[in-house]
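query_2.cif (mmCIF, C-alpha atoms) appears below.
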data_structure
#
loop_
_atom_site.label_atom_id
_atom_site.label_comp_id
_atom_site.auth_asym_id
_atom_site.auth_seq_id
_atom_site.Cartn_x
_atom_site.Cartn_y
_atom_site.Cartn_z
CA MET A 103 57.14 82.36 118.32
CA ALA A 104 53.56 81.20 117.63
CA ARG A 105 52.72 77.82 119.03
CA LYS A 106 52.34 75.15 116.37
CA ARG A 107 48.78 74.02 115.76
CA PRO A 108 48.16 70.53 117.19
CA SER A 109 47.79 67.68 114.70
CA ARG A 110 44.50 65.87 114.32
CA THR A 111 45.88 62.91 116.28
CA ALA A 112 46.93 65.19 119.13
CA LEU A 113 43.32 66.32 119.54
CA LEU A 114 41.79 62.85 119.76
CA PRO A 115 41.47 60.59 122.82
CA ARG A 116 43.66 57.51 122.75
CA LYS A 117 40.73 55.34 123.74
CA LEU A 118 37.16 55.76 124.92
CA PRO A 119 36.10 54.56 128.38
CA SER A 120 33.95 51.45 128.21
CA GLN A 121 33.38 50.61 131.88
CA GLU A 122 31.95 52.67 134.71
CA ARG A 123 35.29 52.95 136.48
CA SER A 124 37.08 54.17 133.36
CA ARG A 125 34.29 56.63 132.64
CA PHE A 126 34.66 57.97 136.17
CA THR A 127 38.41 58.40 135.59
CA VAL A 128 37.91 60.28 132.33
CA ASP A 129 35.23 62.50 133.87
CA ALA A 130 37.56 63.29 136.78
CA ILE A 131 40.34 64.21 134.36
CA LEU A 132 38.05 66.51 132.38
CA GLU A 133 36.63 68.14 135.52
CA ALA A 134 40.14 68.75 136.84
CA ALA A 135 41.24 70.26 133.54
CA ALA A 136 38.21 72.55 133.47
CA ASP A 137 38.89 73.68 137.02
CA ILE A 138 42.52 74.53 136.24
CA LEU A 139 41.55 76.33 133.05
CA VAL A 140 39.06 78.50 134.92
CA ARG A 141 41.35 79.22 137.85
CA ASP A 142 44.75 79.57 136.16
CA GLY A 143 44.27 79.66 132.39
CA TYR A 144 45.54 77.52 129.54
CA ALA A 145 49.20 78.50 129.94
CA ARG A 146 49.39 76.84 133.38
CA LEU A 147 47.52 73.72 132.36
CA THR A 148 49.76 70.63 132.38
CA THR A 149 49.06 66.92 132.39
CA ASN A 150 50.81 66.56 135.75
CA ARG A 151 48.61 69.22 137.33
CA ILE A 152 45.49 67.68 135.79
CA ALA A 153 46.37 64.22 137.08
CA ASP A 154 47.16 65.57 140.54
CA ARG A 155 43.90 67.53 140.71
CA ALA A 156 41.91 64.53 139.44
CA GLY A 157 43.54 62.18 141.94
CA VAL A 158 44.83 59.79 139.27
CA ASN A 159 48.28 58.65 138.21
CA VAL A 160 49.61 60.59 135.23
CA ALA A 161 50.15 57.25 133.48
CA SER A 162 46.40 56.63 133.76
CA LEU A 163 45.77 59.99 132.15
CA TYR A 164 47.99 59.06 129.21
CA GLN A 165 46.03 55.85 128.72
CA TYR A 166 43.12 58.00 127.55
CA PHE A 167 44.69 61.22 126.22
CA PRO A 168 47.99 61.85 124.40
CA GLY A 169 48.36 65.28 125.99
CA LYS A 170 46.61 68.34 127.33
CA ASP A 171 45.42 69.49 123.90
CA ALA A 172 43.36 66.32 123.52
CA ILE A 173 41.84 66.92 126.96
CA VAL A 174 40.93 70.49 126.06
CA ALA A 175 39.53 69.33 122.71
CA GLU A 176 37.30 66.82 124.50
CA LEU A 177 36.11 69.56 126.85
CA ARG A 178 35.21 71.69 123.84
CA ARG A 179 33.40 68.79 122.17
CA ARG A 180 31.32 68.14 125.26
CA HIS A 181 30.75 71.86 125.77
CA GLY A 182 29.08 72.17 122.37
CA ALA A 183 27.45 68.75 122.01
CA ALA A 184 24.16 69.64 123.70
CA GLU A 185 23.88 72.87 121.74
CA ARG A 186 24.48 71.13 118.41
CA ALA A 187 21.88 68.47 119.22
CA ALA A 188 19.33 71.11 120.21
CA VAL A 189 19.93 73.13 117.05
CA ARG A 190 19.50 70.11 114.80
CA LYS A 191 16.36 69.12 116.67
CA THR A 192 14.85 72.56 116.14
CA LEU A 193 15.67 72.64 112.43
CA VAL A 194 14.61 69.07 111.64
CA LEU A 195 11.52 68.61 113.80
CA ARG A 196 9.99 72.08 113.47
CA PRO A 197 10.44 73.19 109.85
CA ASP A 198 7.11 75.04 109.99
CA LEU A 199 8.09 77.59 112.63
CA GLY A 200 8.92 80.34 110.16
CA LEU A 201 12.00 82.52 109.88
CA GLU A 202 11.73 84.73 112.96
CA SER A 203 10.43 82.01 115.28
CA THR A 204 13.14 79.60 114.18
CA LEU A 205 15.87 82.21 114.69
CA ARG A 206 14.50 82.95 118.15
CA ALA A 207 14.48 79.27 119.07
CA LEU A 208 18.03 78.74 117.79
CA ILE A 209 19.46 81.83 119.47
CA SER A 210 17.69 81.09 122.75
CA ARG A 211 19.11 77.57 122.75
CA GLY A 212 22.57 78.92 121.99
CA VAL A 213 22.41 81.38 124.87
CA ALA A 214 21.14 78.71 127.27
CA ALA A 215 23.90 76.28 126.29
CA HIS A 216 26.65 78.86 126.75
CA ALA A 217 25.26 80.01 130.08
CA VAL A 218 25.67 76.56 131.66
CA SER A 219 29.36 77.08 132.45
CA PRO A 220 30.15 80.74 131.73
CA ALA A 221 33.55 80.69 133.41
CA LEU A 222 34.79 77.81 131.24
CA HIS A 223 33.13 79.37 128.22
CA ARG A 224 35.07 82.57 128.91
CA VAL A 225 38.35 80.66 128.82
CA PHE A 226 37.42 79.09 125.49
CA ALA A 227 36.34 82.44 124.04
CA GLU A 228 39.14 84.67 125.30
CA HIS A 229 42.26 82.63 125.95
CA MET A 230 42.26 79.77 123.47
CA PRO A 231 42.64 80.53 119.75
CA ALA A 232 39.90 78.77 117.83
CA GLN A 233 42.17 77.97 114.88
CA ARG A 234 44.18 75.59 117.05
CA TYR A 235 41.10 73.42 117.45
CA ARG A 236 39.51 73.94 114.04
CA ASP A 237 39.22 70.20 113.39
CA ILE A 238 36.55 70.08 116.10
CA GLU A 239 34.36 72.28 113.90
CA GLU A 240 33.82 69.33 111.57
CA MET A 241 31.21 68.18 114.08
CA ASP A 242 29.18 71.25 113.12
CA ALA A 243 28.87 70.12 109.49
CA PRO A 244 25.45 68.39 109.94
CA VAL A 245 24.15 71.49 111.73
CA PHE A 246 25.28 73.74 108.89
CA THR A 247 23.62 71.40 106.38
CA GLU A 248 20.27 71.75 108.15
CA MET A 249 20.76 75.50 108.57
CA ARG A 250 21.48 75.83 104.85
CA ARG A 251 18.24 74.02 104.02
CA PHE A 252 16.36 76.27 106.42
CA LEU A 253 17.69 79.42 104.76
CA GLU A 254 16.95 78.10 101.28
CA ARG A 255 13.29 77.48 102.09
CA SER A 256 12.75 80.51 104.35
CA THR A 257 14.34 83.38 102.43
CA GLU A 258 13.88 84.93 99.01
CA GLY A 259 16.04 88.03 98.94
CA VAL A 260 19.34 86.40 99.86
CA PRO A 261 21.48 86.23 96.71
CA ASP A 262 24.18 84.00 98.21
CA VAL A 263 22.99 81.43 100.76
CA GLU A 264 26.50 80.28 101.61
CA PHE A 265 27.60 83.80 102.45
CA ALA A 266 24.39 84.43 104.41
CA LEU A 267 24.97 81.21 106.37
CA TRP A 268 28.46 82.39 107.27
CA MET A 269 27.15 85.82 108.25
CA VAL A 270 24.40 84.43 110.49
CA ALA A 271 26.71 81.92 112.18
CA THR A 272 29.48 84.48 112.70
CA ILE A 273 27.23 87.22 114.04
CA ALA A 274 25.28 84.92 116.35
CA HIS A 275 28.44 83.21 117.61
CA ALA A 276 30.20 86.49 118.35
CA ALA A 277 27.18 88.15 119.97
CA ILE A 278 26.40 85.17 122.21
CA HIS A 279 30.03 84.55 123.19
CA ASN A 280 30.74 88.19 123.97
CA GLY A 281 27.34 88.75 125.54
CA ILE A 282 27.80 85.95 128.08
CA VAL A 283 31.12 87.51 129.14
CA GLU A 284 30.53 91.24 128.74
CA ARG A 285 26.78 91.82 129.10
CA PRO A 286 25.36 89.15 131.42
CA ASP A 287 22.47 91.43 132.51
CA ASP A 288 21.29 91.78 128.91
CA VAL A 289 21.58 88.03 128.48
CA GLY A 290 19.54 87.39 131.62
CA SER A 291 16.82 89.91 130.69
CA GLY A 292 16.40 88.46 127.19
CA ARG A 293 17.48 91.69 125.53
CA LEU A 294 20.38 90.03 123.73
CA VAL A 295 18.07 87.44 122.18
CA ASP A 296 15.52 90.07 121.13
CA GLU A 297 18.09 92.34 119.50
CA LEU A 298 19.91 89.49 117.77
CA VAL A 299 16.65 88.08 116.39
CA LEU A 300 15.72 91.54 115.07
CA LEU A 301 19.13 92.01 113.48
CA LEU A 302 19.26 88.64 111.72
CA THR A 303 15.60 88.66 110.68
CA ASN A 304 15.99 92.04 108.98
CA TYR A 305 19.16 90.85 107.28
CA LEU A 306 17.50 87.71 105.91
CA LYS A 307 14.13 89.24 104.98
CA ARG A 308 15.53 91.94 102.69
CA ARG A 309 13.92 92.27 99.31
CA PRO A 310 15.82 90.96 96.27
CA PRO A 311 17.37 93.77 94.21
CA ARG A 312 15.37 94.76 91.16
CA ALA A 313 17.12 94.40 87.83
CA GLU A 314 15.82 97.77 86.71
CA SER A 315 17.31 99.52 89.72
CA ALA A 316 20.64 97.87 89.17
CA ARG A 317 20.76 98.95 85.53
CA SER A 318 19.77 102.50 86.46
CA LYS A 319 22.65 102.75 88.90
CA LEU A 320 25.07 101.60 86.24
CA ARG A 321 23.98 104.42 83.93
CA ARG A 322 24.71 107.09 86.56
#

Step by step, read the file and then write its structure as structure tokens.
Amino acid sequence: MARKRPSRTALLPRKLPSQERSRFTVDAILEAAADILVRDGYARLTTNRIADRAGVNVASLYQYFPGKDAIVAELRRRHGAAERAAVRKTLVLRPDLGLESTLRALISRGVAAHAVSPALHRVFAEHMPAQRYRDIEEMDAPVFTEMRRFLERSTEGVPDVEFALWMVATIAHAAIHNGIVERPDDVGSGRLVDELVLLLTNYLKRRPPRAESARSKLRR
């Protein structure tokens, strides 16, 4: 039987650490969870094991998180926070870069962010269904807003910006995620970035279809 998707509440911390000691406790919990995920996988991750590995009482863990799904969700939030900030910075502060240069900057930042902890990234990509943590994707909304504006001002031949935005995000996400895991040499050499930039640039720079050509095809 498929595991029920966690509720929104189950993915949120119970409270945020406000003092240095509590921040240390939360960081220890998250580091322990990441270590168990990498070593043993999600199926063997439990709050008792996390607390034991972190050196804290399980009751202390529950002061901050309602369960292991909230801990994993926080790991995913932190895992993508730097990347999201870098993407927004590129799109907002350098609107004059042009299509290809902007794509290269965005893809390079994405690769760099995912290469920080490839083992944990692999667990997220391969062993944890994204739909169970889809609420976390709401944090990407400001990034998609800026990306949409970038496509609107940088492309002419794209008939459907929303679909193009989905295509670019999906292709880049899949290529970077799988590349980190399956083709690390191509990631390290820069080949993945070069090929992905070429692919997406050609997709976005296509010429708009001519009305005459479309009518001619209909007559055939």

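Going from CA of Arg190 (chain A) to CA of Thr204 (chain A) covers 11.4 Å.
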
Gap from CA of Phe265 (chain A) to CA of Arg180 (chain A) - Å, one decimal
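Distance between the two atoms: 27.9 Å.
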
Grab the CA of Leu294 (chain A) to CA of Ser210 (chain A) distance for me, in Å with one decimal place.
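It comes out at 9.4 Å.
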
Could you pull out every residue with an atom within 10 Å of (17.6, 80.8, 119.6), file coordinates, counting all atoms listed in the file, and send them as a list of chain:residue names?
A:Ala188, A:Val189, A:Thr192, A:Glu202, A:Ser203, A:Thr204, A:Leu205, A:Arg206, A:Ala207, A:Leu208, A:Ile209, A:Ser210, A:Arg211, A:Gly212, A:Val213, A:Ala214, A:Ala274, A:Val295, A:Asp296, A:Leu298, A:Val299

Near Lys307 (chain A), within 9 Å and counting only C-alpha atoms, which residues show up once chain neighbours fewer than 6 positions away are dropped, as a PDB file with C-alpha atoms, in the coordinates of the input?
ATOM      1  CA  LEU A 201      12.000  82.520 109.880  1.00  0.00           C
ATOM      2  CA  SER A 256      12.750  80.510 104.350  1.00  0.00           C
ATOM      3  CA  THR A 257      14.340  83.380 102.430  1.00  0.00           C
ATOM      4  CA  GLU A 258      13.880  84.930  99.010  1.00  0.00           C
ATOM      5  CA  GLY A 259      16.040  88.030  98.940  1.00  0.00           C
ATOM      6  CA  VAL A 260      19.340  86.400  99.860  1.00  0.00           C
TER       7      VAL A 260
END

If the PyMOL selection byres ((chain A and resi 218-224) around 7) is run on the structure shown, which residues does it catch, given as a list in words?
Ala136, Val140, Ala214, Ala215, His216, Ala217, Val225, Phe226, Ala227, Glu228, Ile282 and Val283 of chain A

Counting only C-alpha atoms, which residues come within 9 Å of (44.0, 63.0, 126.2), with the point read in the file's coordinates, and could you list them as a ChimeraX atom specification?
/A:112-117,149,163-176

Best match for closeness to Leu302 (chain A) among A:Ala266, A:Ala187, A:Val245, A:Ser120, counting only C-alpha atoms:
A:Ala266

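Closest approach to Val270 (chain A) from the set A:Arg141, A:Arg250, A:Arg285, A:Arg146 is made by A:Arg250, with distances taken over only C-alpha atoms.
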
Using all atoms listed in the file for the distances, tell me which of A:Arg196, A:His279, A:Arg186, A:Arg155 is nearest to Ala135 (chain A).
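The closest residue to Ala135 (chain A) is A:Arg155.
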